[in-house]
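Please read the structure below before turning to the comments.
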Amino acid sequence: MSVKYHVRLDDSEREMLEALIKQEKPVVAQHKKRHAQILLAIDENNDPLTHEQTAKAFNVKPLTICRLRQRLAEEGLNAAVHGKLSHHGRKRKLDGEGQAHLTALACSTPPEGQCRWTLNLLRDRMVQLEYVDDISRSTIHGRAKKNEIKPWLNKEWCIPVKENADFVCAMENVLEVYKRPYDPKYPVACLDETSKQLLIEVRDPIPPEPGKPERFDTEYERNGVCNIFMIFEPLTGWRNAEVTDRRTSVDWAHQVKNLVDGRFKDAIKITLVEDNLNTHNPASLYKAFDPEEARRIIDKLEFCYTPNHGSWLDMAEIELSILSRQCLNRRIPDKETLFREVKVWEKNRNESKSTIEWRFTTEDARIKLKKLYPTLPELNES
């Protein structure tokens with residue numbers, strides 16, 4: 001190819017470039033060494049390489065070499081070595097307005113028949129709406145990455161209704177309970193439950209090897225579902241995880257009775273934080289026990305319910321999430337194995353007194369979740 005800008009280095013310039021290349025990496029940026037190496041390689045006073053040979057040798061595009069030649073000719077050796085190469089007059093495919101259009105498009109509802117925006121869909125729609133004449137998929141990807149746009153991702157979330165007095169009242173009740181100091185006579189415990197599907201492997205998994213993860217077959221055999229009740233005392237780092245066949249109101253009642261007559265048998269009043277599941281109701285105790293026993297248990301309890309769409313306020317749910325990630329995120333074949341594995345996990349967590357550092361307070365809620373608080377009507381001055 002014809003060369004517009006020639007590179008002809010004298011002895012002092014070559015010595016300077018060679019000395020720069022020999023310096024340690026922390027002292028000299030990698031791109032500066034790369035520029036120096038390319039300039040030495042294409043020096044016409046010293047058996048130069050062709051554009052193609054240089055590009056292959058240094059794993060760069062031929063256009064990069066052209067820009068380096070141009071900068072050397074127009075700005076001098078120092079600028080060519082130490083400056084980062086720009087696009088030199090090339091007009092950006094997406095200016096500020098174009099990037100705003102791309103962001104708005106990626107955050108909008110995807111076209112009919114599509115569950116999400118893809119890079120190809122964004123590229124085609126940008127051209128269709130005449131925001132750009134033409135644009136590559138890689139440019140869309142680069143702009144989306146820079147602006148942290150990820151339209152291909154979504155996340156399940158508990159979204160409360162705006163300006164909900166019931167929500168903020170229940171939320172602040174829970175947050176005030178979490179502020180109480182530890183008192184063994186008036187303990188605070190959190191309760192929640194989750195299910196675990198039991199799956200039997202039909203073929204033995206292949207153990208991991210260097211460079212290869214563990215591999216298991218896509219086929220499996222269903223073996224029922226178990227329930228796990230989690231009771232967590234945040235101020236002491238104690239938890240109890242019980243595996244049951246079901247999670248009916250009677251099952252819940254027995255878990256509460258075990259808590260009252262077991263760990264907290266000497267307590268005067270137990271505050272129990274839980275969500276609004278229909279089985280989490282004092283009436284469930286009357287379904288499981290005679291009236292005298294049900295009333296005895298209720299008299300030792302203070303129920304504190306998280307708001308609807310606010311189960312994240314229950315710390316037992318956080319513990320269940322940790323249990324799921326650390327222990328349950330695999331195929332477990334039967335109830336006996338599940339019980340054994342859960343109890344080992346529980347024992348290790350209790351011995352380490354692992355707890356949750358809860359930092360979200362009522363004051364934080366009134367700032368960060370301000371939109372959930374009802375707007376007070378202006379008072380008419382008399």
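Quick note on naming: the chains in the structure tokens go A, B, ... in the order shown, residues restart at 1 in each chain, and ligands are numbered from 1 in order of appearance.
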key: All strand (DSSP E) positions in region 145-367 of chain A, as a VMD selection string   = chain A and resid 188 to 201 220 to 233 238 to 244 270 to 274 301 to 305
Would you output that residue set with N, CA and C atoms, as a compact mmCIF listing (two decimals), in the first residue's frame?
# COMPACT_ATOMS: atom_id res chain seq x y z
N VAL A 188 -36.05 -11.14 70.32
CA VAL A 188 -36.62 -10.90 68.99
C VAL A 188 -36.19 -12.03 68.08
N ALA A 189 -37.14 -12.63 67.39
CA ALA A 189 -36.83 -13.71 66.45
C ALA A 189 -37.58 -13.45 65.15
N CYS A 190 -37.01 -13.93 64.05
CA CYS A 190 -37.62 -13.81 62.73
C CYS A 190 -37.94 -15.20 62.20
N LEU A 191 -39.06 -15.31 61.49
CA LEU A 191 -39.50 -16.62 60.99
C LEU A 191 -39.87 -16.50 59.52
N ASP A 192 -39.48 -17.50 58.75
CA ASP A 192 -39.86 -17.57 57.34
C ASP A 192 -39.70 -19.01 56.89
N GLU A 193 -40.19 -19.34 55.70
CA GLU A 193 -40.04 -20.69 55.17
C GLU A 193 -39.84 -20.67 53.67
N THR A 194 -39.31 -21.77 53.15
CA THR A 194 -39.11 -21.93 51.71
C THR A 194 -39.27 -23.40 51.36
N SER A 195 -39.42 -23.68 50.10
CA SER A 195 -39.57 -25.07 49.64
C SER A 195 -38.32 -25.49 48.88
N LYS A 196 -38.08 -26.78 48.85
CA LYS A 196 -36.95 -27.35 48.13
C LYS A 196 -37.42 -28.58 47.38
N GLN A 197 -37.29 -28.58 46.05
CA GLN A 197 -37.66 -29.74 45.25
C GLN A 197 -36.57 -30.80 45.32
N LEU A 198 -36.96 -32.04 45.54
CA LEU A 198 -36.00 -33.14 45.65
C LEU A 198 -35.82 -33.78 44.27
N LEU A 199 -34.56 -33.93 43.85
CA LEU A 199 -34.25 -34.43 42.51
C LEU A 199 -33.20 -35.52 42.60
N ILE A 200 -33.49 -36.65 41.97
CA ILE A 200 -32.57 -37.79 41.96
C ILE A 200 -31.81 -37.80 40.65
N GLU A 201 -30.49 -37.94 40.72
CA GLU A 201 -29.68 -38.05 39.50
C GLU A 201 -29.92 -39.42 38.85
N TYR A 220 -33.29 -35.88 35.10
CA TYR A 220 -33.34 -36.18 36.53
C TYR A 220 -34.71 -36.76 36.86
N GLU A 221 -34.83 -37.28 38.07
CA GLU A 221 -36.09 -37.87 38.52
C GLU A 221 -36.63 -37.06 39.70
N ARG A 222 -37.88 -36.61 39.59
CA ARG A 222 -38.49 -35.85 40.67
C ARG A 222 -38.83 -36.78 41.84
N ASN A 223 -38.59 -36.27 43.06
CA ASN A 223 -38.85 -37.08 44.24
C ASN A 223 -39.60 -36.30 45.31
N GLY A 224 -40.49 -35.41 44.88
CA GLY A 224 -41.30 -34.67 45.83
C GLY A 224 -40.70 -33.33 46.21
N VAL A 225 -41.36 -32.67 47.16
CA VAL A 225 -40.95 -31.34 47.64
C VAL A 225 -40.99 -31.34 49.16
N CYS A 226 -39.99 -30.71 49.77
CA CYS A 226 -39.97 -30.53 51.21
C CYS A 226 -40.03 -29.04 51.54
N ASN A 227 -40.37 -28.74 52.77
CA ASN A 227 -40.41 -27.37 53.24
C ASN A 227 -39.33 -27.17 54.30
N ILE A 228 -38.80 -25.95 54.39
CA ILE A 228 -37.80 -25.63 55.41
C ILE A 228 -38.26 -24.39 56.16
N PHE A 229 -38.50 -24.53 57.46
CA PHE A 229 -38.81 -23.40 58.34
C PHE A 229 -37.49 -22.84 58.87
N MET A 230 -37.36 -21.52 58.83
CA MET A 230 -36.16 -20.87 59.37
C MET A 230 -36.58 -19.91 60.48
N ILE A 231 -36.02 -20.12 61.68
CA ILE A 231 -36.19 -19.19 62.79
C ILE A 231 -34.81 -18.62 63.11
N PHE A 232 -34.72 -17.30 63.13
CA PHE A 232 -33.42 -16.64 63.27
C PHE A 232 -33.50 -15.57 64.34
N GLU A 233 -32.55 -15.62 65.29
CA GLU A 233 -32.44 -14.60 66.33
C GLU A 233 -31.25 -13.70 65.98
N TRP A 238 -28.13 -16.90 66.31
CA TRP A 238 -28.64 -18.27 66.42
C TRP A 238 -29.75 -18.47 65.41
N ARG A 239 -29.74 -19.63 64.77
CA ARG A 239 -30.83 -19.97 63.86
C ARG A 239 -31.18 -21.44 64.00
N ASN A 240 -32.44 -21.76 63.65
CA ASN A 240 -32.90 -23.14 63.66
C ASN A 240 -33.63 -23.39 62.34
N ALA A 241 -33.18 -24.36 61.58
CA ALA A 241 -33.79 -24.70 60.30
C ALA A 241 -34.39 -26.10 60.41
N GLU A 242 -35.69 -26.21 60.21
CA GLU A 242 -36.39 -27.48 60.34
C GLU A 242 -36.98 -27.89 58.99
N VAL A 243 -36.72 -29.13 58.59
CA VAL A 243 -37.25 -29.69 57.35
C VAL A 243 -38.56 -30.39 57.66
N THR A 244 -39.61 -30.03 56.93
CA THR A 244 -40.93 -30.65 57.12
C THR A 244 -41.50 -31.07 55.78
N ILE A 270 -41.94 -12.79 73.62
CA ILE A 270 -41.12 -13.02 72.43
C ILE A 270 -41.72 -12.22 71.27
N THR A 271 -40.91 -11.37 70.65
CA THR A 271 -41.35 -10.64 69.45
C THR A 271 -41.00 -11.48 68.23
N LEU A 272 -42.02 -11.83 67.45
CA LEU A 272 -41.84 -12.69 66.29
C LEU A 272 -42.10 -11.88 65.02
N VAL A 273 -41.04 -11.67 64.22
CA VAL A 273 -41.15 -10.93 62.96
C VAL A 273 -41.37 -11.94 61.84
N GLU A 274 -42.42 -11.74 61.05
CA GLU A 274 -42.71 -12.64 59.93
C GLU A 274 -43.54 -11.92 58.89
N LEU A 301 -46.32 -14.23 73.00
CA LEU A 301 -45.85 -13.74 71.70
C LEU A 301 -46.35 -12.33 71.41
N GLU A 302 -45.48 -11.55 70.77
CA GLU A 302 -45.87 -10.28 70.16
C GLU A 302 -45.59 -10.41 68.66
N PHE A 303 -46.63 -10.39 67.84
CA PHE A 303 -46.47 -10.58 66.41
C PHE A 303 -46.19 -9.24 65.73
N CYS A 304 -45.15 -9.24 64.90
CA CYS A 304 -44.78 -8.05 64.13
C CYS A 304 -44.68 -8.47 62.66
N TYR A 305 -45.60 -7.99 61.83
CA TYR A 305 -45.68 -8.43 60.44
C TYR A 305 -45.01 -7.43 59.49
request  = Extract, using only C-alpha atoms, all DNA, RNA and protein residues at most 9 Å from region 286-288 of chain A, discarding same-chain residues fewer than 2 positions from it, and format them as a list of chain:residue names.
outcome  =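 My list of contacting residues is A:Ser249, A:Val250, A:Asp251, A:Ala253, A:His254, A:Pro282, A:Ala283, A:Ser284, A:Asp290, A:Pro291, A:Glu293, A:Ala294, A:Arg295.
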Could you dump the residues just selected with C-alpha atoms as a short mmCIF file (atom, residue, chain, number, x, y, z; two decimals), in the first residue's frame?
data_model
loop_
_atom_site.label_atom_id
_atom_site.label_comp_id
_atom_site.auth_asym_id
_atom_site.auth_seq_id
_atom_site.Cartn_x
_atom_site.Cartn_y
_atom_site.Cartn_z
CA SER A 249 -50.92 -23.67 59.45
CA VAL A 250 -50.52 -26.68 61.77
CA ASP A 251 -46.86 -27.08 60.78
CA ALA A 253 -48.04 -23.71 64.86
CA HIS A 254 -45.74 -26.54 65.95
CA PRO A 282 -52.41 -16.75 65.81
CA ALA A 283 -55.61 -18.54 64.77
CA SER A 284 -53.40 -21.34 63.38
CA ASP A 290 -56.63 -27.11 72.47
CA PRO A 291 -57.81 -23.58 73.42
CA GLU A 293 -52.60 -24.37 75.06
CA ALA A 294 -53.16 -22.05 72.11
CA ARG A 295 -53.88 -19.13 74.43
#
Minimum-distance residue to Leu77 (chain A), chosen among A:Ala106, A:Leu9, A:Val60, A:Leu175 (using only C-alpha atoms) =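 Using only C-alpha atoms, the shortest distance to Leu77 (chain A) belongs to A:Leu9.
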request  = Excluding Glu44 (chain A) and residues on its chain fewer than 5 positions from it, collect all residues at most 10 Å away from it, counting only C-alpha atoms, and give them as a PyMOL selection string.
outcome  = chain A and resi 6-9+39+49
request  = Do a neighbour search on region 109-111 of chain A at 10 Å with only C-alpha atoms, toss out local chain neighbours closer than 6 positions, and write the hits as a ChimeraX atom specification.
outcome  = /A:117-118,121-122,125,151
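Every protein or nucleic acid residue with an atom no more than 9 Å from Val168 (chain A), counting only C-alpha atoms and leaving out same-chain residues fewer than 4 positions away, appears here: Glu163, Asn164, Glu172, Asn173, Pro307, Ala365, Arg366, Leu369, Leu372 and Tyr373 of chain A.
Put simply, CA of His141 (chain A) is 26.3 Å away from CA of Trp157 (chain A).
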